[in-house]
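Enquirer: I am sharing my_file.cif, which consists of mmCIF, C-alpha atoms:
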data_query
loop_
_atom_site.label_atom_id
_atom_site.label_comp_id
_atom_site.auth_asym_id
_atom_site.auth_seq_id
_atom_site.Cartn_x
_atom_site.Cartn_y
_atom_site.Cartn_z
CA MET A 12 3.64 16.21 -4.12
CA LYS A 13 0.86 13.64 -4.30
CA PHE A 14 -1.54 12.44 -1.63
CA GLY A 15 -3.48 9.20 -1.61
CA VAL A 16 -5.57 7.06 0.70
CA LEU A 17 -5.01 3.46 1.77
CA LEU A 18 -8.38 1.82 2.36
CA ASP A 19 -8.45 -0.32 5.48
CA HIS A 20 -11.04 -2.92 4.44
CA GLN A 21 -10.63 -5.19 7.46
CA TYR A 22 -13.64 -5.93 9.62
CA GLU A 23 -14.81 -8.11 12.44
CA PHE A 24 -16.14 -11.49 11.35
CA GLY A 25 -19.88 -11.36 10.80
CA ASP A 26 -19.84 -7.73 9.68
CA ASP A 27 -21.99 -6.87 6.66
CA ILE A 28 -19.42 -6.76 3.84
CA ASN A 29 -21.94 -5.50 1.30
CA ARG A 30 -22.74 -2.53 3.52
CA ARG A 31 -19.06 -1.95 4.23
CA THR A 32 -18.31 -1.98 0.51
CA GLY A 33 -20.99 0.67 0.02
CA GLU A 34 -19.19 2.79 2.64
CA LEU A 35 -15.96 2.41 0.70
CA VAL A 36 -17.69 3.53 -2.49
CA GLU A 37 -18.88 6.68 -0.72
CA PHE A 38 -15.45 7.18 0.86
CA THR A 39 -13.77 6.87 -2.54
CA GLN A 40 -16.19 9.38 -4.06
CA HIS A 41 -15.40 11.73 -1.20
CA ILE A 42 -11.63 11.60 -1.53
CA ARG A 43 -12.02 11.92 -5.31
CA ASP A 44 -14.01 15.12 -4.89
CA LEU A 45 -11.52 16.43 -2.31
CA GLY A 46 -8.67 16.23 -4.82
CA TYR A 47 -6.69 13.23 -3.66
CA ASP A 48 -4.44 11.59 -6.23
CA SER A 49 -4.72 7.88 -5.48
CA VAL A 50 -6.57 5.15 -3.64
CA PHE A 51 -5.16 1.75 -2.66
CA GLY A 52 -6.43 -1.55 -1.30
CA ILE A 53 -4.72 -4.10 0.94
CA HIS A 54 -4.24 -7.84 0.52
CA HIS A 55 -4.21 -10.82 2.86
CA TYR A 56 -5.62 -14.32 2.96
CA LEU A 57 -6.93 -16.18 6.02
CA SER A 58 -6.68 -13.04 8.11
CA SER A 59 -7.71 -12.68 11.74
CA LEU A 60 -10.15 -10.09 10.35
CA SER A 61 -12.63 -10.36 7.50
CA THR A 62 -10.62 -8.87 4.62
CA PRO A 63 -12.27 -8.51 1.19
CA GLN A 64 -9.86 -9.16 -1.66
CA PRO A 65 -8.42 -6.04 -3.31
CA LEU A 66 -8.85 -6.66 -7.03
CA PRO A 67 -12.63 -7.23 -6.93
CA LEU A 68 -12.96 -4.33 -4.51
CA LEU A 69 -10.89 -1.95 -6.65
CA SER A 70 -12.87 -3.01 -9.73
CA ARG A 71 -16.02 -1.93 -7.89
CA LEU A 72 -14.41 1.44 -7.17
CA ILE A 73 -13.19 2.23 -10.69
CA ASP A 74 -16.30 4.11 -11.76
CA HIS A 75 -16.26 6.12 -8.53
CA SER A 76 -12.60 7.10 -8.53
CA GLY A 77 -12.49 9.83 -11.16
CA ASP A 78 -8.98 10.24 -12.49
CA MET A 79 -7.23 9.02 -9.34
CA GLN A 80 -4.70 6.24 -9.60
CA ILE A 81 -5.99 3.01 -8.07
CA GLY A 82 -3.80 0.21 -6.90
CA THR A 83 -2.70 -2.41 -4.44
CA GLY A 84 -0.76 -1.51 -1.38
CA ILE A 85 0.32 -4.28 -1.51
CA LEU A 86 -0.52 -7.46 -3.48
CA ILE A 87 1.23 -10.56 -2.09
CA LEU A 88 2.64 -11.75 -5.39
CA PRO A 89 4.10 -15.12 -4.27
CA MET A 90 0.58 -16.33 -3.46
CA GLY A 91 -0.44 -16.65 -7.10
CA HIS A 92 0.75 -17.81 -10.50
CA PRO A 93 2.16 -15.06 -12.76
CA VAL A 94 -0.17 -15.99 -15.63
CA HIS A 95 -3.12 -15.45 -13.31
CA TRP A 96 -1.77 -12.16 -11.97
CA ALA A 97 -0.78 -10.91 -15.44
CA GLU A 98 -4.28 -11.28 -16.85
CA GLU A 99 -6.03 -10.05 -13.70
CA ILE A 100 -3.87 -6.91 -13.49
CA ALA A 101 -4.10 -6.26 -17.22
CA THR A 102 -7.88 -6.51 -16.99
CA ILE A 103 -8.20 -4.00 -14.16
CA ASP A 104 -5.72 -1.66 -15.86
CA GLN A 105 -7.87 -1.74 -19.00
CA MET A 106 -11.06 -1.23 -17.00
CA SER A 107 -9.57 1.79 -15.23
CA GLY A 108 -8.30 3.40 -18.43
CA GLY A 109 -4.66 2.91 -17.48
CA ARG A 110 -4.79 4.17 -13.89
CA PHE A 111 -3.61 1.07 -12.06
CA VAL A 112 -0.54 0.95 -9.79
CA LEU A 113 0.71 -2.52 -8.95
CA GLY A 114 2.07 -2.42 -5.44
CA ILE A 115 3.62 -5.78 -4.59
CA GLY A 116 5.28 -7.48 -1.65
CA SER A 117 6.65 -10.87 -0.70
CA GLY A 118 4.40 -11.45 2.33
CA TYR A 119 5.33 -12.63 5.81
CA ARG A 120 2.49 -14.57 7.45
CA GLU A 121 3.26 -18.23 8.01
CA ASP A 122 -0.38 -19.33 7.86
CA GLU A 123 -0.79 -17.95 4.34
CA PHE A 124 2.28 -19.76 3.00
CA ASN A 125 1.39 -22.98 4.78
CA ALA A 126 -2.15 -22.96 3.39
CA PHE A 127 -0.89 -22.41 -0.15
CA GLY A 128 1.80 -25.06 0.22
CA ILE A 129 4.55 -22.54 -0.45
CA GLU A 130 7.83 -22.51 1.43
CA ARG A 131 8.12 -19.13 3.09
CA ARG A 132 11.87 -18.95 2.45
CA THR A 133 11.16 -18.84 -1.30
CA ARG A 134 8.86 -15.81 -1.14
CA VAL A 135 11.31 -13.22 -2.44
CA SER A 136 12.54 -15.30 -5.36
CA ARG A 137 8.93 -16.21 -6.22
CA MET A 138 7.94 -12.55 -6.18
CA ASN A 139 10.81 -11.52 -8.44
CA GLU A 140 10.27 -14.39 -10.86
CA SER A 141 6.52 -13.70 -10.96
CA LEU A 142 7.14 -10.08 -11.88
CA GLU A 143 9.63 -11.11 -14.55
CA CYS A 144 7.07 -13.50 -16.05
CA MET A 145 4.30 -10.91 -15.94
CA GLN A 146 6.43 -8.36 -17.74
CA LYS A 147 7.24 -10.92 -20.44
CA LEU A 148 3.56 -11.74 -20.84
CA TRP A 149 2.64 -8.05 -21.11
CA THR A 150 4.69 -7.70 -24.30
CA GLY A 151 1.82 -9.42 -26.12
CA GLU A 152 4.22 -11.82 -27.82
CA LYS A 153 4.32 -15.56 -27.45
CA VAL A 154 6.69 -16.23 -24.60
CA SER A 155 8.26 -19.16 -22.83
CA HIS A 156 9.73 -19.30 -19.37
CA GLN A 157 11.58 -21.95 -17.44
CA GLY A 158 12.59 -20.77 -14.00
CA LYS A 159 12.98 -21.93 -10.44
CA HIS A 160 9.29 -21.69 -9.61
CA PHE A 161 7.33 -21.32 -12.86
CA GLU A 162 7.38 -22.85 -16.31
CA PHE A 163 5.31 -22.30 -19.45
CA GLN A 164 5.85 -22.68 -23.19
CA ASP A 165 4.72 -20.54 -26.13
CA VAL A 166 1.87 -18.72 -24.41
CA ARG A 167 0.38 -15.33 -25.15
CA CYS A 168 -1.41 -13.15 -22.63
CA SER A 169 -5.01 -12.71 -23.75
CA VAL A 170 -5.42 -9.27 -22.10
CA LEU A 171 -2.73 -6.61 -22.19
CA PRO A 172 -2.50 -3.60 -19.88
CA ALA A 173 -3.60 -0.20 -21.11
CA GLN A 174 -0.31 1.24 -19.84
CA LYS A 175 2.77 0.33 -21.83
CA PRO A 176 4.84 -1.68 -21.18
CA GLY A 177 2.68 -2.28 -18.10
CA PRO A 178 1.34 -0.58 -15.00
CA PRO A 179 3.88 1.05 -12.66
CA VAL A 180 5.21 -1.35 -10.06
CA TRP A 181 5.91 -0.29 -6.46
CA VAL A 182 7.53 -2.75 -4.09
CA GLY A 183 7.18 -3.00 -0.33
CA ALA A 184 10.04 -4.05 1.94
CA ASN A 185 10.79 -3.62 5.64
CA GLY A 186 14.50 -4.42 5.76
CA PRO A 187 17.74 -3.03 4.30
CA ILE A 188 18.47 -6.06 2.09
CA GLY A 189 15.06 -5.91 0.45
CA ILE A 190 15.24 -2.14 0.05
CA GLN A 191 18.65 -2.39 -1.63
CA ARG A 192 17.33 -5.07 -4.00
CA ILE A 193 14.42 -2.84 -5.03
CA ALA A 194 16.82 0.07 -5.61
CA ARG A 195 19.00 -2.04 -7.90
CA GLN A 196 15.88 -2.96 -9.88
CA GLY A 197 15.08 0.74 -10.33
CA LEU A 198 11.60 0.25 -8.87
CA PRO A 199 9.86 2.54 -6.36
CA TRP A 200 10.11 1.34 -2.77
CA ILE A 201 6.96 1.73 -0.64
CA ALA A 202 8.02 2.73 2.84
CA PRO A 203 5.78 1.13 5.49
CA SER A 204 3.46 3.08 7.77
CA ASN A 205 4.53 1.71 11.13
CA VAL A 206 8.18 2.75 11.14
CA ARG A 207 9.65 5.66 12.99
CA ARG A 208 10.77 8.84 11.30
CA ASN A 209 14.55 8.23 11.45
CA TRP A 210 14.17 4.71 10.06
CA ALA A 211 12.04 5.93 7.14
CA VAL A 212 14.34 8.85 6.33
CA GLY A 213 17.58 6.90 6.73
CA ASN A 214 16.46 3.99 4.59
CA LEU A 215 15.21 6.31 1.87
CA ALA A 216 18.65 7.96 1.73
CA ASP A 217 20.28 4.53 1.39
CA TYR A 218 17.73 3.48 -1.23
CA ARG A 219 18.33 6.61 -3.32
CA ALA A 220 22.11 6.16 -3.14
CA GLU A 221 21.85 2.50 -4.18
CA ARG A 222 19.43 3.41 -6.96
CA LYS A 223 21.78 6.08 -8.28
CA ALA A 224 24.74 3.69 -8.13
CA ALA A 225 22.74 1.25 -10.25
CA GLY A 226 22.42 3.92 -12.94
CA TYR A 227 18.87 5.14 -12.39
CA GLY A 228 18.04 8.83 -12.49
CA GLU A 229 15.40 10.60 -10.44
CA ASP A 230 13.48 12.44 -13.14
CA ASP A 231 9.81 11.60 -12.50
CA ALA A 232 10.86 9.10 -9.82
CA VAL A 233 8.23 8.13 -7.27
CA PHE A 234 9.11 7.84 -3.59
CA PRO A 235 5.93 6.67 -1.82
CA ILE A 236 5.28 6.15 1.86
CA HIS A 237 2.34 4.91 3.91
CA ARG A 238 1.37 6.83 7.05
CA ASP A 239 -1.48 6.70 9.56
CA LEU A 240 -3.23 10.10 9.56
CA CYS A 241 -5.55 11.82 12.01
CA LEU A 242 -6.09 15.58 12.22
CA ALA A 243 -7.49 17.40 15.21
CA ASP A 244 -6.43 20.49 17.16
CA SER A 245 -3.46 18.68 18.76
CA PHE A 246 -1.77 15.29 18.96
CA ASP A 247 -3.67 14.47 22.13
CA ASP A 248 -6.99 15.40 20.55
CA ALA A 249 -6.22 13.30 17.47
CA TYR A 250 -5.25 10.36 19.65
CA GLU A 251 -8.48 10.77 21.58
CA VAL A 252 -10.37 10.39 18.30
CA ALA A 253 -8.48 7.46 16.79
CA GLY A 254 -5.90 6.17 19.25
CA ALA A 255 -7.87 3.19 20.52
CA ALA A 256 -8.81 2.20 16.97
CA VAL A 257 -5.30 2.47 15.54
CA ARG A 258 -3.87 0.49 18.44
CA ALA A 259 -6.53 -2.18 18.00
CA SER A 260 -5.61 -2.45 14.30
CA TYR A 261 -1.91 -2.81 15.03
CA GLY A 262 -2.71 -5.19 17.86
CA GLU A 263 -3.90 -7.70 15.26
CA TYR A 264 -0.30 -8.04 14.06
CA VAL A 265 0.89 -9.39 17.41
CA GLN A 266 -0.52 -12.83 16.66
CA TYR A 267 1.68 -12.92 13.53
CA GLY A 268 4.85 -12.59 15.60
CA MET A 269 5.06 -8.80 15.63
CA ASP A 270 4.84 -8.34 19.37
CA TYR A 271 6.75 -5.04 19.18
CA PHE A 272 3.43 -3.41 18.26
CA ASP A 273 2.53 -4.13 21.86
CA THR A 274 5.85 -3.82 23.67
CA GLN A 275 7.04 -0.74 21.77
CA TRP A 276 3.70 0.95 21.25
CA ASP A 277 4.57 4.16 23.11
CA GLY A 278 7.50 4.80 20.78
CA ILE A 279 5.50 3.96 17.68
CA LYS A 280 2.68 6.18 18.90
CA GLN A 281 4.95 9.20 19.25
CA LYS A 282 7.25 8.70 16.25
CA ALA A 283 5.30 6.88 13.53
CA LEU A 284 1.77 8.31 13.54
CA PHE A 285 0.89 11.43 11.56
CA PHE A 286 -1.44 12.60 14.32
CA GLY A 287 -1.82 16.24 15.29
CA SER A 288 -2.93 19.69 14.21
CA PRO A 289 -2.82 20.88 10.60
CA ASP A 290 0.41 22.72 11.40
CA ASP A 291 1.85 19.57 12.97
CA ILE A 292 0.97 17.46 9.94
CA THR A 293 2.31 20.11 7.55
CA ALA A 294 5.65 20.10 9.37
CA MET A 295 5.81 16.30 9.25
CA ILE A 296 5.13 16.24 5.51
CA GLN A 297 7.72 18.94 4.89
CA ASP A 298 10.26 16.97 6.89
CA PHE A 299 9.62 13.75 4.97
CA ALA A 300 9.46 15.63 1.66
CA GLN A 301 12.84 17.19 2.32
CA ALA A 302 14.17 13.65 2.68
CA GLY A 303 12.70 12.85 -0.75
CA TYR A 304 9.26 11.34 -0.23
CA ASN A 305 6.78 12.66 -2.78
CA HIS A 306 3.67 10.43 -2.65
CA PHE A 307 2.04 10.13 0.77
CA VAL A 308 -0.58 7.39 1.05
CA PHE A 309 -2.58 7.92 4.23
CA ARG A 310 -4.63 5.44 6.20
CA ALA A 311 -7.52 7.15 8.01
CA GLN A 312 -9.54 4.02 8.86
CA TRP A 313 -8.91 1.58 11.68
CA LEU A 314 -10.68 -1.24 13.42
CA GLY A 315 -13.81 0.03 15.14
CA LEU A 316 -13.53 3.68 14.08
CA PRO A 317 -16.85 4.95 12.68
CA ILE A 318 -16.54 5.76 8.99
CA GLU A 319 -17.84 9.27 9.73
CA ARG A 320 -14.60 10.01 11.61
CA SER A 321 -12.58 8.87 8.59
CA PHE A 322 -14.58 11.22 6.37
CA GLU A 323 -13.77 14.07 8.75
CA ILE A 324 -10.05 13.27 8.79
CA VAL A 325 -9.57 13.20 5.02
CA GLU A 326 -11.77 16.28 4.60
CA ARG A 327 -9.85 18.35 7.14
CA PHE A 328 -6.54 17.33 5.59
CA ALA A 329 -7.79 18.33 2.13
CA ARG A 330 -9.10 21.64 3.41
CA GLU A 331 -6.33 22.73 5.78
CA VAL A 332 -3.14 20.94 4.72
CA MET A 333 -3.26 19.87 1.09
CA PRO A 334 -3.51 23.45 -0.31
CA ARG A 335 -0.16 24.27 1.29
CA PHE A 336 1.45 21.79 -1.12
CA ARG A 337 -0.61 22.63 -4.22
CA LYS A 338 0.80 25.97 -5.27
#
Go ahead and render the structure in this file as C-alpha cells.
Expert:
Amino acid sequence: MKFGVLLDHQYEFGDDINRRTGELVEFTQHIRDLGYDSVFGIHHYLSSLSTPQPLPLLSRLIDHSGDMQIGTGILILPMGHPVHWAEEIATIDQMSGGRFVLGIGSGYREDEFNAFGIERRTRVSRMNESLECMQKLWTGEKVSHQGKHFEFQDVRCSVLPAQKPGPPVWVGANGPIGIQRIARQGLPWIAPSNVRRNWAVGNLADYRAERKAAGYGEDDAVFPIHRDLCLADSFDDAYEVAGAAVRASYGEYVQYGMDYFDTQWDGIKQKALFFGSPDDITAMIQDFAQAGYNHFVFRAQWLGLPIERSFEIVERFAREVMPRFRK
C-alpha cells in the first residue's frame, strides 16, 4: 500500500506565487519526512485560478522530495507536441534520478482547446498518438512517424529518460469507455477524487476484468486513486476544518459545465470525501483496498485553507493511520 499527496497549486489571482511555491517546498519536505511515497502536481491552462505549471514546479521540488516518486496528476497531453513532451519528461526524469511518474489525461475544458486551436473531439486520439510518439522517441533511435495529428522524419530524442523504456504512465479517465481503453492498453487507470465509492469500486472491477481479458497480469500492477483527505475527531469536525475550502475548490468546476458539483454536493460530500476520524479513514482505505486500489494520492489543500491546516492533516494521517498499513 502506497500513499501520496496531490499538491493543489491553485490560487486567487494576485497571490504571491513565489511565496506559495516556498510553502510547497516546505510541504514537500514535510510529507517526505513523514514517509509518504509520492507527490504529484496538477495541470491546466487559462484557469479561473492562478495555476503554476507542473513541470517547472516539480523540478523545483526534486531536491526536496527525497526518494518519493514525483509526477503529474495529470498532464493534459493533447495540449502539446509529443517531441516537446518527450524531451521535457525525459529531462525531469533524469533530474529526479528516475523517480518520475507521467500521469496523463485528455482534458475537457473548452477554453483550453479553443485557445490552442485544437478540436476538442480529437483529444483522445491526440493523447494516444502523442504517447505512442513519445515512446518511440524514448528508444533513443532515429524514428519517423506519420499519423493523424503528428508527423516527423528521422529524428532522435536528445534526452532520454533515466527509467527504461520510459517513466511509468498512469492515465486518467472519468467514463467507462475511456477506462476500458486504458485497460486494453495495460496502463494504470487513475480513479478521480470526486466520484462516489460505488462508482470507484465498480469501475475498478470492470477495469481489472478488461485488463485481464487483454492478457495483462497483476503482478506489481498499480491501481491508483485520488481522494480528498481531512482528519479530525469525526466527519463533522473534519468538515468544519475544511468543508468550506473543499466546496470552494469544487465550485470552480461549475463554470466549466460541471454544475453537479453544486446541485449534487450533499451526495458528493457524504460519499466521495475521505473526511473523518483516523478509524473512519482506516475503514475507508481498507474498503477501497479490498476492491484493489493500492496507491492512494490524497489532496489536503483547497482554495482558502491555510497551509498550516494542510500540514496538520498529512501529519495526523502519517501518525495515526499510515502505520496501520505499514506492517
Enquirer: Tell me, in Å to one decimal, how far atom CA of A:Ile87 is from atom CA of A:Asp104.
Expert: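 Between atom CA of A:Ile87 and atom CA of A:Asp104 the gap is 17.8 Å.
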Enquirer: Pick out the closest residue to A:Ala220 from this set: A:Ala329, A:Leu68, A:Ala173, A:Ile193. Count only C-alpha atoms.
Expert: A:Ile193
Enquirer: Written as a list of chain:residue names, which residues does the PyMOL selection byres ((chain A and resi 170) around 7) give for the file shown?
Expert: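 Evaluating the PyMOL selection byres ((chain A and resi 170) around 7) on these coordinates yields A:Glu98, A:Ala101, A:Thr102, A:Cys168, A:Ser169, A:Leu171, A:Pro172.
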Enquirer: Please list as JSON, numbers by chain every residue within 12 Å of A:Arg110, counting all atoms listed in the file and excluding residues in the same chain fewer than 4 positions away.
Expert: {"A": [48, 49, 50, 51, 69, 70, 73, 74, 76, 77, 78, 79, 80, 81, 82, 83, 100, 101, 102, 103, 104, 105, 106, 172, 173, 174, 175, 177, 178, 179]}
Enquirer: Once the PyMOL selection byres ((chain A and resi 209) around 12) has been evaluated on this model, what residues remain selected, and can you format them as a list of chain:residue names?
Expert: A:Asn205, A:Val206, A:Arg207, A:Arg208, A:Trp210, A:Ala211, A:Val212, A:Gly213, A:Asn214, A:Leu215, A:Ala216, A:Ile279, A:Lys282, A:Ala283, A:Asp298, A:Phe299, A:Ala302
Enquirer: List the spatial neighbours of A:Leu88 as JSON, numbers by chain - criterion: any atom at most 8 Å away, all atoms listed in the file, same-chain residues fewer than 6 positions off excluded.
Expert: {"A": [96, 115, 116, 117, 118, 137, 138, 141]}
Enquirer: Choose the residue, out of A:Tyr271, A:Ser155, A:Thr62, A:His95, that has the smallest atom-to-atom separation from A:Asp27; count only C-alpha atoms.
Expert: A:Thr62
Enquirer: What is the distance, in Å and to one decimal place, between atom CA of A:Glu263 and atom CA of A:Ala249?
Expert: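 Computing it gives 21.2 Å between the two atoms.
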Enquirer: Just checking: using all atoms listed in the file, which residue out of A:Glu319, A:Asp217, A:Asp244, A:Glu229 ends up closest to A:Glu37?
Expert: A:Glu319
Enquirer: Hey, can you check how far atom CA of A:Glu143 sits from atom CA of A:Arg71?
Expert: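 Going from atom CA of A:Glu143 over to atom CA of A:Arg71 covers 28.0 Å.
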Enquirer: Check the smallest atom-to-atom distance from each of A:Gln312, A:Ala232, A:Phe286, A:Tyr56 to A:Asp248 using only C-alpha atoms, then report the winner.
Expert: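 Nearest to A:Asp248: A:Phe286.
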Enquirer: Which residues, named as in the file, does the PyMOL selection byres ((chain A and resi 154) around 10) pick out? Answer as a PyMOL selection string.
Expert: chain A and resi 144+147-153+155-156+163-168
Enquirer: Some atoms are missing, so please complete stretch 71-81 of chain A with all heavy atoms and return it as a JSON list (two decimals), keeping the file's coordinate frame.
Expert:
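Ended up saving to selection33.json:
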[["chain", "number", "residue", "atom", "x", "y", "z"],
["A", 71, "ARG", "N", -14.77, -2.59, -8.28],
["A", 71, "ARG", "CA", -16.02, -1.93, -7.89],
["A", 71, "ARG", "C", -15.84, -0.41, -7.79],
["A", 71, "ARG", "O", -16.77, 0.36, -8.06],
["A", 71, "ARG", "CB", -16.49, -2.50, -6.55],
["A", 71, "ARG", "CG", -17.66, -1.76, -5.90],
["A", 71, "ARG", "CD", -19.01, -2.12, -6.52],
["A", 71, "ARG", "NE", -20.09, -1.35, -5.93],
["A", 71, "ARG", "CZ", -20.75, -1.68, -4.80],
["A", 71, "ARG", "NH1", -20.40, -2.78, -4.14],
["A", 71, "ARG", "NH2", -21.73, -0.93, -4.36],
["A", 72, "LEU", "N", -14.65, 0.02, -7.42],
["A", 72, "LEU", "CA", -14.41, 1.44, -7.17],
["A", 72, "LEU", "C", -14.00, 2.23, -8.41],
["A", 72, "LEU", "O", -13.96, 3.47, -8.37],
["A", 72, "LEU", "CB", -13.32, 1.60, -6.10],
["A", 72, "LEU", "CG", -13.63, 0.98, -4.73],
["A", 72, "LEU", "CD1", -12.44, 1.17, -3.79],
["A", 72, "LEU", "CD2", -14.90, 1.57, -4.13],
["A", 73, "ILE", "N", -13.70, 1.54, -9.50],
["A", 73, "ILE", "CA", -13.19, 2.23, -10.69],
["A", 73, "ILE", "C", -14.10, 3.37, -11.12],
["A", 73, "ILE", "O", -13.65, 4.51, -11.33],
["A", 73, "ILE", "CB", -13.00, 1.23, -11.86],
["A", 73, "ILE", "CG1", -11.77, 0.37, -11.61],
["A", 73, "ILE", "CG2", -12.85, 1.98, -13.19],
["A", 73, "ILE", "CD1", -11.60, -0.76, -12.61],
["A", 74, "ASP", "N", -15.37, 3.10, -11.25],
["A", 74, "ASP", "CA", -16.30, 4.11, -11.76],
["A", 74, "ASP", "C", -16.58, 5.23, -10.77],
["A", 74, "ASP", "O", -17.27, 6.20, -11.10],
["A", 74, "ASP", "CB", -17.62, 3.46, -12.18],
["A", 74, "ASP", "CG", -17.48, 2.61, -13.43],
["A", 74, "ASP", "OD1", -16.49, 2.78, -14.16],
["A", 74, "ASP", "OD2", -18.36, 1.75, -13.66],
["A", 75, "HIS", "N", -16.05, 5.10, -9.56],
["A", 75, "HIS", "CA", -16.26, 6.12, -8.53],
["A", 75, "HIS", "C", -14.99, 6.88, -8.19],
["A", 75, "HIS", "O", -15.00, 7.72, -7.30],
["A", 75, "HIS", "CB", -16.81, 5.45, -7.26],
["A", 75, "HIS", "CG", -18.05, 4.65, -7.50],
["A", 75, "HIS", "ND1", -19.31, 5.21, -7.58],
["A", 75, "HIS", "CD2", -18.22, 3.31, -7.71],
["A", 75, "HIS", "CE1", -20.20, 4.26, -7.82],
["A", 75, "HIS", "NE2", -19.56, 3.10, -7.91],
["A", 76, "SER", "N", -13.91, 6.57, -8.92],
["A", 76, "SER", "CA", -12.60, 7.10, -8.53],
["A", 76, "SER", "C", -12.09, 8.24, -9.39],
["A", 76, "SER", "O", -10.98, 8.72, -9.19],
["A", 76, "SER", "CB", -11.57, 5.96, -8.54],
["A", 76, "SER", "OG", -11.50, 5.34, -9.81],
["A", 77, "GLY", "N", -12.91, 8.69, -10.35],
["A", 77, "GLY", "CA", -12.49, 9.83, -11.16],
["A", 77, "GLY", "C", -11.23, 9.54, -11.93],
["A", 77, "GLY", "O", -11.11, 8.51, -12.60],
["A", 78, "ASP", "N", -10.25, 10.46, -11.80],
["A", 78, "ASP", "CA", -8.98, 10.24, -12.49],
["A", 78, "ASP", "C", -7.86, 9.86, -11.52],
["A", 78, "ASP", "O", -6.69, 9.92, -11.85],
["A", 78, "ASP", "CB", -8.58, 11.47, -13.31],
["A", 78, "ASP", "CG", -8.42, 12.73, -12.45],
["A", 78, "ASP", "OD1", -8.60, 12.65, -11.21],
["A", 78, "ASP", "OD2", -8.12, 13.79, -13.01],
["A", 79, "MET", "N", -8.24, 9.47, -10.30],
["A", 79, "MET", "CA", -7.23, 9.02, -9.34],
["A", 79, "MET", "C", -6.57, 7.74, -9.82],
["A", 79, "MET", "O", -7.19, 6.92, -10.50],
["A", 79, "MET", "CB", -7.86, 8.75, -7.97],
["A", 79, "MET", "CG", -8.34, 9.97, -7.22],
["A", 79, "MET", "SD", -8.77, 9.57, -5.49],
["A", 79, "MET", "CE", -10.16, 8.44, -5.70],
["A", 80, "GLN", "N", -5.31, 7.55, -9.45],
["A", 80, "GLN", "CA", -4.70, 6.24, -9.60],
["A", 80, "GLN", "C", -5.37, 5.30, -8.60],
["A", 80, "GLN", "O", -5.75, 5.70, -7.50],
["A", 80, "GLN", "CB", -3.20, 6.30, -9.31],
["A", 80, "GLN", "CG", -2.39, 7.04, -10.37],
["A", 80, "GLN", "CD", -0.90, 7.05, -10.02],
["A", 80, "GLN", "OE1", -0.52, 7.56, -8.97],
["A", 80, "GLN", "NE2", -0.08, 6.49, -10.89],
["A", 81, "ILE", "N", -5.51, 4.03, -9.00],
["A", 81, "ILE", "CA", -5.99, 3.01, -8.07],
["A", 81, "ILE", "C", -4.95, 1.90, -8.05],
["A", 81, "ILE", "O", -4.25, 1.68, -9.04],
["A", 81, "ILE", "CB", -7.37, 2.46, -8.48],
["A", 81, "ILE", "CG1", -7.28, 1.73, -9.83],
["A", 81, "ILE", "CG2", -8.41, 3.56, -8.54],
["A", 81, "ILE", "CD1", -8.53, 0.94, -10.17]]
